$ cat target-v4.pdb   # PDB, C-alpha atoms, pLDDT in the B column
ATOM      1  CA  ARG A   9     -20.323 -94.586  42.470  1.00 69.00           C
ATOM      2  CA  GLY A  10     -20.521 -95.374  38.814  1.00 75.00           C
ATOM      3  CA  TYR A  11     -20.952 -91.886  37.369  1.00 81.00           C
ATOM      4  CA  TYR A  12     -18.933 -88.748  36.836  1.00 89.00           C
ATOM      5  CA  LEU A  13     -19.554 -85.070  37.423  1.00 94.00           C
ATOM      6  CA  LEU A  14     -17.666 -82.429  35.488  1.00 97.00           C
ATOM      7  CA  LEU A  15     -16.808 -79.213  37.315  1.00 97.00           C
ATOM      8  CA  LYS A  16     -15.274 -76.099  35.789  1.00 97.00           C
ATOM      9  CA  THR A  17     -14.630 -72.697  37.341  1.00 96.00           C
ATOM     10  CA  ASP A  18     -13.354 -69.678  35.429  1.00 94.00           C
ATOM     11  CA  CYS A  19     -13.273 -65.906  35.812  1.00 95.00           C
ATOM     12  CA  VAL A  20     -12.990 -62.883  33.560  1.00 96.00           C
ATOM     13  CA  ILE A  21     -11.353 -59.646  34.702  1.00 97.00           C
ATOM     14  CA  GLU A  22     -11.741 -56.190  33.195  1.00 96.00           C
ATOM     15  CA  GLY A  23      -8.586 -55.089  31.418  1.00 93.00           C
ATOM     16  CA  ILE A  24      -7.268 -58.646  31.085  1.00 92.00           C
ATOM     17  CA  HIS A  25      -9.987 -60.696  29.403  1.00 94.00           C
ATOM     18  CA  TYR A  26     -11.958 -57.807  27.908  1.00 93.00           C
ATOM     19  CA  ALA A  27     -11.639 -54.065  27.371  1.00 94.00           C
ATOM     20  CA  ALA A  28     -13.178 -51.534  29.754  1.00 92.00           C
ATOM     21  CA  ASP A  29     -15.663 -50.342  27.109  1.00 94.00           C
ATOM     22  CA  THR A  30     -17.068 -53.855  26.474  1.00 95.00           C
ATOM     23  CA  PRO A  31     -20.870 -53.982  26.926  1.00 96.00           C
ATOM     24  CA  PRO A  32     -21.673 -55.690  30.251  1.00 96.00           C
ATOM     25  CA  SER A  33     -24.004 -58.148  28.517  1.00 97.00           C
ATOM     26  CA  SER A  34     -21.043 -59.343  26.435  1.00 97.00           C
ATOM     27  CA  VAL A  35     -18.952 -59.730  29.602  1.00 97.00           C
ATOM     28  CA  GLY A  36     -21.608 -61.926  31.181  1.00 98.00           C
ATOM     29  CA  TYR A  37     -21.998 -63.976  28.015  1.00 98.00           C
ATOM     30  CA  LYS A  38     -18.246 -64.564  27.709  1.00 98.00           C
ATOM     31  CA  ALA A  39     -17.856 -65.504  31.360  1.00 98.00           C
ATOM     32  CA  LEU A  40     -20.391 -68.317  31.041  1.00 98.00           C
ATOM     33  CA  ALA A  41     -19.296 -69.337  27.544  1.00 98.00           C
ATOM     34  CA  ARG A  42     -15.688 -69.901  28.651  1.00 98.00           C
ATOM     35  CA  ALA A  43     -16.745 -72.339  31.353  1.00 98.00           C
ATOM     36  CA  ILE A  44     -19.232 -74.163  29.112  1.00 98.00           C
ATOM     37  CA  SER A  45     -16.506 -74.524  26.474  1.00 98.00           C
ATOM     38  CA  ASP A  46     -14.419 -76.533  28.930  1.00 97.00           C
ATOM     39  CA  ILE A  47     -17.364 -78.845  29.605  1.00 98.00           C
ATOM     40  CA  ALA A  48     -17.672 -79.367  25.843  1.00 98.00           C
ATOM     41  CA  ALA A  49     -13.931 -80.088  25.753  1.00 98.00           C
ATOM     42  CA  MET A  50     -14.479 -83.123  27.988  1.00 97.00           C
ATOM     43  CA  GLY A  51     -17.308 -84.529  25.915  1.00 97.00           C
ATOM     44  CA  GLY A  52     -19.842 -83.294  28.422  1.00 97.00           C
ATOM     45  CA  ARG A  53     -23.217 -81.643  28.805  1.00 97.00           C
ATOM     46  CA  PRO A  54     -23.536 -78.602  31.126  1.00 98.00           C
ATOM     47  CA  LEU A  55     -26.336 -78.687  33.668  1.00 98.00           C
ATOM     48  CA  ALA A  56     -26.105 -75.747  36.058  1.00 98.00           C
ATOM     49  CA  ALA A  57     -23.996 -72.712  36.907  1.00 98.00           C
ATOM     50  CA  VAL A  58     -23.285 -70.450  39.861  1.00 98.00           C
ATOM     51  CA  VAL A  59     -21.988 -66.937  39.295  1.00 98.00           C
ATOM     52  CA  SER A  60     -20.040 -64.635  41.605  1.00 97.00           C
ATOM     53  CA  VAL A  61     -19.577 -60.985  40.667  1.00 97.00           C
ATOM     54  CA  ALA A  62     -17.312 -58.302  42.165  1.00 96.00           C
ATOM     55  CA  LEU A  63     -18.874 -54.974  41.144  1.00 95.00           C
ATOM     56  CA  PRO A  64     -16.653 -51.874  41.211  1.00 95.00           C
ATOM     57  CA  SER A  65     -17.731 -49.344  43.838  1.00 92.00           C
ATOM     58  CA  GLY A  66     -19.550 -46.462  42.199  1.00 88.00           C
ATOM     59  CA  SER A  67     -20.418 -48.410  39.041  1.00 87.00           C
ATOM     60  CA  GLU A  68     -23.682 -47.814  37.196  1.00 85.00           C
ATOM     61  CA  HIS A  69     -26.686 -49.023  39.142  1.00 87.00           C
ATOM     62  CA  ASP A  70     -27.866 -51.413  36.426  1.00 93.00           C
ATOM     63  CA  LEU A  71     -24.462 -53.036  35.780  1.00 95.00           C
ATOM     64  CA  GLY A  72     -25.487 -56.278  37.494  1.00 93.00           C
ATOM     65  CA  GLN A  73     -28.702 -56.461  35.506  1.00 95.00           C
ATOM     66  CA  ARG A  74     -26.880 -55.977  32.211  1.00 96.00           C
ATOM     67  CA  LEU A  75     -24.353 -58.672  33.139  1.00 97.00           C
ATOM     68  CA  HIS A  76     -27.265 -60.982  33.921  1.00 97.00           C
ATOM     69  CA  GLU A  77     -28.790 -60.340  30.496  1.00 97.00           C
ATOM     70  CA  GLY A  78     -25.708 -61.769  28.817  1.00 97.00           C
ATOM     71  CA  LEU A  79     -25.525 -64.715  31.204  1.00 98.00           C
ATOM     72  CA  ILE A  80     -29.164 -65.667  30.794  1.00 97.00           C
ATOM     73  CA  THR A  81     -29.039 -65.331  27.004  1.00 97.00           C
ATOM     74  CA  LEU A  82     -26.451 -68.101  26.759  1.00 98.00           C
ATOM     75  CA  ALA A  83     -27.887 -70.121  29.648  1.00 98.00           C
ATOM     76  CA  GLU A  84     -31.206 -70.402  27.839  1.00 98.00           C
ATOM     77  CA  LYS A  85     -29.530 -71.335  24.548  1.00 97.00           C
ATOM     78  CA  THR A  86     -27.524 -74.117  26.197  1.00 97.00           C
ATOM     79  CA  ASN A  87     -30.202 -75.288  28.668  1.00 97.00           C
ATOM     80  CA  VAL A  88     -28.060 -74.390  31.678  1.00 98.00           C
ATOM     81  CA  ALA A  89     -29.780 -73.454  34.945  1.00 98.00           C
ATOM     82  CA  LEU A  90     -28.398 -70.433  36.819  1.00 97.00           C
ATOM     83  CA  VAL A  91     -28.881 -71.748  40.342  1.00 97.00           C
ATOM     84  CA  GLY A  92     -27.126 -69.198  42.547  1.00 95.00           C
ATOM     85  CA  GLY A  93     -24.031 -67.173  43.265  1.00 94.00           C
ATOM     86  CA  ASP A  94     -22.836 -64.102  45.114  1.00 95.00           C
ATOM     87  CA  THR A  95     -22.251 -60.394  44.615  1.00 94.00           C
ATOM     88  CA  THR A  96     -19.810 -58.110  46.381  1.00 94.00           C
ATOM     89  CA  ALA A  97     -18.274 -54.666  45.944  1.00 94.00           C
ATOM     90  CA  THR A  98     -14.642 -54.008  45.093  1.00 94.00           C
ATOM     91  CA  ASP A  99     -12.282 -51.059  44.718  1.00 94.00           C
ATOM     92  CA  GLY A 100     -10.694 -52.884  41.780  1.00 93.00           C
ATOM     93  CA  PRO A 101     -11.918 -53.884  38.312  1.00 95.00           C
ATOM     94  CA  LEU A 102     -15.085 -55.802  37.491  1.00 96.00           C
ATOM     95  CA  VAL A 103     -14.620 -59.558  38.004  1.00 97.00           C
ATOM     96  CA  VAL A 104     -17.102 -62.266  37.029  1.00 98.00           C
ATOM     97  CA  SER A 105     -16.455 -65.838  38.194  1.00 98.00           C
ATOM     98  CA  VAL A 106     -18.548 -68.719  36.873  1.00 98.00           C
ATOM     99  CA  THR A 107     -18.652 -72.348  37.981  1.00 98.00           C
ATOM    100  CA  VAL A 108     -20.425 -74.856  35.731  1.00 98.00           C
ATOM    101  CA  ILE A 109     -21.463 -78.383  36.690  1.00 98.00           C
ATOM    102  CA  GLY A 110     -21.958 -80.960  33.959  1.00 97.00           C
ATOM    103  CA  THR A 111     -22.085 -84.655  33.167  1.00 97.00           C
ATOM    104  CA  PRO A 112     -20.272 -86.648  30.480  1.00 97.00           C
ATOM    105  CA  LEU A 113     -22.109 -87.826  27.402  1.00 95.00           C
ATOM    106  CA  ASP A 114     -22.179 -91.575  26.759  1.00 93.00           C
ATOM    107  CA  GLY A 115     -18.604 -92.426  25.858  1.00 90.00           C
ATOM    108  CA  GLY A 116     -17.172 -89.613  27.976  1.00 89.00           C
ATOM    109  CA  PRO A 117     -15.464 -88.016  29.718  1.00 95.00           C
ATOM    110  CA  ILE A 118     -12.846 -87.377  27.032  1.00 97.00           C
ATOM    111  CA  LEU A 119      -9.415 -86.495  28.424  1.00 97.00           C
ATOM    112  CA  ARG A 120      -6.327 -84.820  26.973  1.00 97.00           C
ATOM    113  CA  SER A 121      -4.292 -87.963  27.511  1.00 97.00           C
ATOM    114  CA  GLY A 122      -5.777 -90.334  24.940  1.00 97.00           C
ATOM    115  CA  ALA A 123      -4.163 -89.257  21.645  1.00 98.00           C
ATOM    116  CA  ARG A 124      -2.518 -92.137  19.739  1.00 98.00           C
ATOM    117  CA  PRO A 125       0.153 -92.413  17.061  1.00 98.00           C
ATOM    118  CA  GLY A 126      -1.488 -92.023  13.643  1.00 97.00           C
ATOM    119  CA  ASP A 127      -4.403 -89.902  14.875  1.00 98.00           C
ATOM    120  CA  ARG A 128      -5.523 -86.909  12.855  1.00 98.00           C
ATOM    121  CA  LEU A 129      -6.004 -83.484  14.446  1.00 98.00           C
ATOM    122  CA  LEU A 130      -9.289 -81.694  13.768  1.00 97.00           C
ATOM    123  CA  VAL A 131     -10.529 -78.255  14.807  1.00 97.00           C
ATOM    124  CA  THR A 132     -14.133 -77.103  14.850  1.00 96.00           C
ATOM    125  CA  GLY A 133     -13.586 -73.677  13.257  1.00 95.00           C
ATOM    126  CA  CYS A 134     -11.199 -70.956  12.189  1.00 95.00           C
ATOM    127  CA  LEU A 135      -8.386 -69.708  14.406  1.00 97.00           C
ATOM    128  CA  GLY A 136      -6.665 -66.385  15.097  1.00 94.00           C
ATOM    129  CA  ASN A 137      -7.703 -62.747  15.429  1.00 91.00           C
ATOM    130  CA  SER A 138     -10.297 -63.644  18.023  1.00 92.00           C
ATOM    131  CA  ARG A 139      -9.750 -60.360  19.876  1.00 85.00           C
ATOM    132  CA  GLU A 140     -11.575 -58.423  17.150  1.00 83.00           C
ATOM    133  CA  ARG A 141     -14.939 -59.774  18.271  1.00 88.00           C
ATOM    134  CA  HIS A 142     -14.995 -63.565  18.354  1.00 93.00           C
ATOM    135  CA  HIS A 143     -13.868 -63.894  21.990  1.00 96.00           C
ATOM    136  CA  LEU A 144     -17.009 -62.055  23.118  1.00 96.00           C
ATOM    137  CA  ASP A 145     -19.690 -63.850  21.105  1.00 95.00           C
ATOM    138  CA  PHE A 146     -18.389 -67.338  20.314  1.00 96.00           C
ATOM    139  CA  ILE A 147     -20.765 -70.274  20.617  1.00 96.00           C
ATOM    140  CA  PRO A 148     -19.476 -73.087  22.861  1.00 98.00           C
ATOM    141  CA  ARG A 149     -19.048 -76.167  20.671  1.00 98.00           C
ATOM    142  CA  LEU A 150     -21.458 -78.468  22.500  1.00 98.00           C
ATOM    143  CA  ALA A 151     -23.064 -79.880  19.351  1.00 96.00           C
ATOM    144  CA  GLU A 152     -19.688 -80.486  17.719  1.00 96.00           C
ATOM    145  CA  SER A 153     -18.430 -82.147  20.893  1.00 97.00           C
ATOM    146  CA  ALA A 154     -21.414 -84.498  20.889  1.00 97.00           C
ATOM    147  CA  GLY A 155     -20.813 -85.348  17.229  1.00 95.00           C
ATOM    148  CA  LEU A 156     -17.165 -86.135  17.914  1.00 97.00           C
ATOM    149  CA  VAL A 157     -18.055 -88.355  20.874  1.00 97.00           C
ATOM    150  CA  GLU A 158     -20.728 -90.152  18.860  1.00 96.00           C
ATOM    151  CA  SER A 159     -18.272 -90.792  16.017  1.00 95.00           C
ATOM    152  CA  GLY A 160     -16.603 -93.544  18.022  1.00 95.00           C
ATOM    153  CA  GLY A 161     -13.118 -92.480  16.948  1.00 97.00           C
ATOM    154  CA  LEU A 162     -12.418 -89.606  19.359  1.00 98.00           C
ATOM    155  CA  HIS A 163      -9.328 -90.160  21.502  1.00 98.00           C
ATOM    156  CA  ALA A 164      -8.483 -86.759  23.036  1.00 98.00           C
ATOM    157  CA  LEU A 165     -10.107 -83.340  23.225  1.00 98.00           C
ATOM    158  CA  ILE A 166      -9.296 -79.819  24.428  1.00 98.00           C
ATOM    159  CA  ASP A 167     -10.618 -76.331  23.759  1.00 97.00           C
ATOM    160  CA  ILE A 168      -8.296 -73.722  22.290  1.00 98.00           C
ATOM    161  CA  SER A 169      -8.153 -70.952  24.869  1.00 96.00           C
ATOM    162  CA  ASP A 170      -4.380 -70.362  25.010  1.00 95.00           C
ATOM    163  CA  GLY A 171      -3.645 -70.811  21.295  1.00 96.00           C
ATOM    164  CA  LEU A 172      -3.306 -73.799  18.983  1.00 97.00           C
ATOM    165  CA  ALA A 173       0.388 -74.341  19.751  1.00 97.00           C
ATOM    166  CA  ALA A 174       0.006 -74.140  23.527  1.00 98.00           C
ATOM    167  CA  ASP A 175      -3.126 -76.261  23.786  1.00 98.00           C
ATOM    168  CA  LEU A 176      -1.862 -78.882  21.355  1.00 98.00           C
ATOM    169  CA  HIS A 177       1.251 -79.063  23.540  1.00 98.00           C
ATOM    170  CA  HIS A 178      -0.966 -79.974  26.511  1.00 98.00           C
ATOM    171  CA  VAL A 179      -2.459 -82.891  24.564  1.00 98.00           C
ATOM    172  CA  LEU A 180       0.906 -84.111  23.294  1.00 98.00           C
ATOM    173  CA  THR A 181       2.534 -83.928  26.730  1.00 98.00           C
ATOM    174  CA  GLU A 182      -0.273 -85.782  28.490  1.00 98.00           C
ATOM    175  CA  SER A 183      -0.590 -88.357  25.698  1.00 98.00           C
ATOM    176  CA  GLY A 184       3.132 -88.972  25.232  1.00 98.00           C
ATOM    177  CA  VAL A 185       3.051 -88.400  21.463  1.00 98.00           C
ATOM    178  CA  GLY A 186       4.238 -85.808  18.942  1.00 98.00           C
ATOM    179  CA  ALA A 187       2.486 -84.062  16.066  1.00 97.00           C
ATOM    180  CA  ARG A 188       3.172 -82.470  12.710  1.00 96.00           C
ATOM    181  CA  LEU A 189       1.051 -79.529  11.559  1.00 96.00           C
ATOM    182  CA  ASN A 190       0.728 -78.602   7.898  1.00 96.00           C
ATOM    183  CA  ALA A 191       0.468 -74.811   7.738  1.00 95.00           C
ATOM    184  CA  GLY A 192      -1.814 -74.914   4.708  1.00 95.00           C
ATOM    185  CA  ASP A 193      -4.356 -77.057   6.562  1.00 95.00           C
ATOM    186  CA  ILE A 194      -4.836 -74.647   9.483  1.00 97.00           C
ATOM    187  CA  PRO A 195      -8.123 -72.738   9.036  1.00 95.00           C
ATOM    188  CA  ILE A 196      -7.476 -69.020   9.549  1.00 95.00           C
ATOM    189  CA  ARG A 197     -10.101 -66.495  10.645  1.00 92.00           C
ATOM    190  CA  GLU A 198     -10.368 -63.516   8.323  1.00 85.00           C
ATOM    191  CA  GLN A 199      -9.477 -60.115   9.752  1.00 76.00           C
ATOM    192  CA  ASP A 200     -12.009 -57.292   9.712  1.00 67.00           C
ATOM    193  CA  THR A 201      -9.324 -54.653  10.273  1.00 66.00           C
ATOM    194  CA  PRO A 202      -5.748 -54.333   8.968  1.00 64.00           C
ATOM    195  CA  ASP A 203      -3.104 -56.117  11.012  1.00 64.00           C
ATOM    196  CA  ARG A 204      -1.113 -53.669  13.121  1.00 68.00           C
ATOM    197  CA  ASP A 205       1.516 -55.837  14.781  1.00 78.00           C
ATOM    198  CA  GLY A 206       3.324 -57.156  11.702  1.00 83.00           C
ATOM    199  CA  ARG A 207       2.539 -60.801  12.446  1.00 87.00           C
ATOM    200  CA  THR A 208       1.234 -63.095   9.717  1.00 91.00           C
ATOM    201  CA  PRO A 209      -2.307 -64.511   9.789  1.00 91.00           C
ATOM    202  CA  LEU A 210      -0.760 -67.941  10.376  1.00 94.00           C
ATOM    203  CA  ALA A 211       1.131 -66.653  13.420  1.00 94.00           C
ATOM    204  CA  HIS A 212      -2.126 -65.294  14.829  1.00 93.00           C
ATOM    205  CA  ALA A 213      -3.878 -68.603  14.188  1.00 95.00           C
ATOM    206  CA  VAL A 214      -1.171 -70.581  15.950  1.00 96.00           C
ATOM    207  CA  SER A 215      -0.692 -68.428  19.032  1.00 94.00           C
ATOM    208  CA  ASP A 216      -3.404 -65.824  19.657  1.00 92.00           C
ATOM    209  CA  GLY A 217      -5.690 -67.857  21.917  1.00 92.00           C
ATOM    210  CA  GLU A 218      -9.271 -67.043  22.916  1.00 95.00           C
ATOM    211  CA  ASP A 219     -10.562 -69.023  19.915  1.00 97.00           C
ATOM    212  CA  PHE A 220     -12.579 -71.504  21.992  1.00 97.00           C
ATOM    213  CA  GLU A 221     -12.736 -73.988  19.153  1.00 98.00           C
ATOM    214  CA  LEU A 222     -12.268 -77.661  19.974  1.00 98.00           C
ATOM    215  CA  LEU A 223      -9.062 -79.482  19.045  1.00 98.00           C
ATOM    216  CA  ALA A 224      -9.610 -83.222  18.677  1.00 98.00           C
ATOM    217  CA  ALA A 225      -7.315 -86.200  18.162  1.00 98.00           C
ATOM    218  CA  VAL A 226      -9.316 -88.671  16.098  1.00 98.00           C
ATOM    219  CA  ASP A 227      -8.795 -92.087  14.510  1.00 98.00           C
ATOM    220  CA  PRO A 228      -7.654 -91.401  10.905  1.00 98.00           C
ATOM    221  CA  GLN A 229     -10.504 -93.269   9.195  1.00 97.00           C
ATOM    222  CA  VAL A 230     -13.133 -91.628  11.396  1.00 97.00           C
ATOM    223  CA  ALA A 231     -11.498 -88.232  10.859  1.00 97.00           C
ATOM    224  CA  GLU A 232     -11.787 -88.661   7.104  1.00 96.00           C
ATOM    225  CA  GLN A 233     -15.480 -89.498   7.447  1.00 95.00           C
ATOM    226  CA  LEU A 234     -16.121 -86.516   9.719  1.00 94.00           C
ATOM    227  CA  VAL A 235     -14.416 -84.051   7.376  1.00 93.00           C
ATOM    228  CA  ALA A 236     -16.304 -85.437   4.374  1.00 92.00           C
ATOM    229  CA  ALA A 237     -19.659 -85.222   6.157  1.00 88.00           C
ATOM    230  CA  VAL A 238     -19.287 -81.935   8.017  1.00 75.00           C
ATOM    231  CA  GLN A 239     -21.802 -79.156   7.319  1.00 67.00           C
TER     232      GLN A 239
END

$ encode --input "target-v4.pdb" --output "structure tokens"
Amino acid sequence: RGYYLLLKTDCVIEGIHYAADTPPSSVGYKALARAISDIAAMGGRPLAAVVSVALPSGSEHDLGQRLHEGLITLAEKTNVALVGGDTTATDGPLVVSVTVIGTPLDGGPILRSGARPGDRLLVTGCLGNSRERHHLDFIPRLAESAGLVESGGLHALIDISDGLAADLHHVLTESGVGARLNAGDIPIREQDTPDRDGRTPLAHAVSDGEDFELLAAVDPQVAEQLVAAVQ
């Protein structure tokens, strides 16, 4: 009836999305951050979240409290209300599922299907090697999303969770266009530890995933202005 709601649900599972020795507060933070990132990727503002947690039987008695500390830290920073959820016990790994409700900013929602021939591709930060630490403490790009929407030249938007190549492919497929990437223009995250798998930094930047930066297709003139003005 004249307005949109944005709805995103996501879960993180021990051993798949984070290591078993990850601090529970970081697990809670990441679980909420992933869902908020998808709201940002539609040019939206998150409003509220519900959280469901499957706690391993026999886990430490304060595990739920420590998860909550991470959730509430980010919720307060992003002005998201934690309005409910559920807890249960499991014989399997720890699982945290978060659903976030949001609304589009003026000019939104921004879809993956709007990229046009001649657009420029922009990212909001460096890519690759996110598994060292970035995937646990990244800041959802809500402010950058708002700036892109306000620019008036934003045509398509997605967050990079599966890797630059894979997520760009989603945009290109849904928009019916192609793209050319210049390797030297891709911002690469510096490594804190030596690379052990023999892959180049560029290969990590293109395919690692878990970056949670925004990838935007933008009118070329507006893109030039944004790059020149960015702080």

$ closest_atom_pairs --input "target-v4.pdb" --of "segment 42-108 of chain A" --to "segment 222-233 of chain A" --cutoff "9 Å" --atoms "all atoms listed in the file" --output "Markdown table"
| residue | atom | partner | partner_atom | distance |
| --- | --- | --- | --- | --- |
| A:Ser45 | CA | A:Leu222 | CA | 8.4 |
| A:Ala48 | CA | A:Leu222 | CA | 8.2 |
| A:Ala49 | CA | A:Leu222 | CA | 6.5 |

$ closest_residue --input "target-v4.pdb" --among "A:Leu13, A:Val59, A:Leu150, A:Leu119" --to "Leu165 of chain A" --atoms "only C-alpha atoms"
A:Leu119

$ closest_atom_pairs --input "target-v4.pdb" --of "segment 174-229 of chain A" --to "segment 133-139 of chain A" --cutoff "7 Å" --atoms "only C-alpha atoms" --output "JSON lines"
{"residue": "A:Pro195", "atom": "CA", "partner": "A:Cys134", "partner_atom": "CA", "distance": 4.8}
{"residue": "A:Ile196", "atom": "CA", "partner": "A:Cys134", "partner_atom": "CA", "distance": 5.0}
{"residue": "A:Arg197", "atom": "CA", "partner": "A:Cys134", "partner_atom": "CA", "distance": 4.8}
{"residue": "A:Gln199", "atom": "CA", "partner": "A:Asn137", "partner_atom": "CA", "distance": 6.5}
{"residue": "A:His212", "atom": "CA", "partner": "A:Gly136", "partner_atom": "CA", "distance": 4.7}
{"residue": "A:Ala213", "atom": "CA", "partner": "A:Gly136", "partner_atom": "CA", "distance": 3.7}
{"residue": "A:Val214", "atom": "CA", "partner": "A:Gly136", "partner_atom": "CA", "distance": 7.0}
{"residue": "A:Asp216", "atom": "CA", "partner": "A:Gly136", "partner_atom": "CA", "distance": 5.6}
{"residue": "A:Glu218", "atom": "CA", "partner": "A:Ser138", "partner_atom": "CA", "distance": 6.0}
{"residue": "A:Asp219", "atom": "CA", "partner": "A:Ser138", "partner_atom": "CA", "distance": 5.7}
{"residue": "A:Glu221", "atom": "CA", "partner": "A:Gly133", "partner_atom": "CA", "distance": 6.0}

$ resolve_selection --input "target-v4.pdb" --expression "the PyMOL selection byres ((chain A and resi 92) around 10)" --output "PyMOL selection string"
chain A and resi 56-60+89-91+93-94

$ closest_residue --input "target-v4.pdb" --among "A:Glu198, A:Asp46, A:Asp193, A:Asp205" --to "Thr111 of chain A" --atoms "only C-alpha atoms"
A:Asp46

$ residues_around --input "target-v4.pdb" --residues "segment 172-179 of chain A" --least-positions-apart "3" --cutoff "7 Å" --atoms "all atoms listed in the file" --output "PyMOL selection string"
chain A and resi 120-121+168+182-183+214-215

$ resolve_selection --input "target-v4.pdb" --expression "the PyMOL selection byres ((chain A and resi 153) around 9)" --output "PyMOL selection string"
chain A and resi 48-52+132+149-152+154-158+165+222

$ atom_distance --input "target-v4.pdb" --atom1 "atom CA of Leu189 of chain A" --atom2 "atom CA of Arg128 of chain A"
10.0 Å

$ residues_around --input "target-v4.pdb" --residues "Ser67 of chain A" --least-positions-apart "2" --cutoff "12 Å" --atoms "only C-alpha atoms" --output "VMD selection string"
chain A and resid 32 62 to 65 69 to 72 97 to 102

$ closest_residue --input "target-v4.pdb" --among "A:Leu210, A:Ala123, A:Leu130, A:Gly161" --to "Leu180 of chain A" --atoms "all atoms listed in the file"
A:Ala123

$ atom_distance --input "target-v4.pdb" --atom1 "atom CA of Leu144 of chain A" --atom2 "atom CA of Lys38 of chain A"
5.4 Å

$ atom_distance --input "target-v4.pdb" --atom1 "atom CA of His163 of chain A" --atom2 "atom CA of Gly122 of chain A"
4.9 Å

$ residues_around --input "target-v4.pdb" --residues "Gly36 of chain A" --least-positions-apart "3" --cutoff "6 Å" --atoms "all atoms listed in the file" --output "VMD selection string"
chain A and resid 33 39 75 78 to 79

$ residues_around --input "target-v4.pdb" --residues "Val108 of chain A" --least-positions-apart "5" --cutoff "8 Å" --atoms "only C-alpha atoms" --output "MDAnalysis selection string"
chainID A and resid 15:17 43:44 47 54:58

$ write_last_selection --input "target-v4.pdb" --atoms "C-alpha atoms" --output "short mmCIF file (atom, residue, chain, number, x, y, z; two decimals), keeping the file's coordinate frame"
data_model
loop_
_atom_site.label_atom_id
_atom_site.label_comp_id
_atom_site.auth_asym_id
_atom_site.auth_seq_id
_atom_site.Cartn_x
_atom_site.Cartn_y
_atom_site.Cartn_z
CA LEU A 15 -16.81 -79.21 37.32
CA LYS A 16 -15.27 -76.10 35.79
CA THR A 17 -14.63 -72.70 37.34
CA ALA A 43 -16.74 -72.34 31.35
CA ILE A 44 -19.23 -74.16 29.11
CA ILE A 47 -17.36 -78.84 29.60
CA PRO A 54 -23.54 -78.60 31.13
CA LEU A 55 -26.34 -78.69 33.67
CA ALA A 56 -26.10 -75.75 36.06
CA ALA A 57 -24.00 -72.71 36.91
CA VAL A 58 -23.28 -70.45 39.86
#

$ closest_residue --input "target-v4.pdb" --among "A:Leu129, A:Phe146, A:Ala237, A:Arg42" --to "Ile194 of chain A" --atoms "all atoms listed in the file"
A:Leu129

$ closest_residue --input "target-v4.pdb" --among "A:Leu14, A:Val61, A:Thr208, A:Thr95" --to "Ile118 of chain A" --atoms "all atoms listed in the file"
A:Leu14
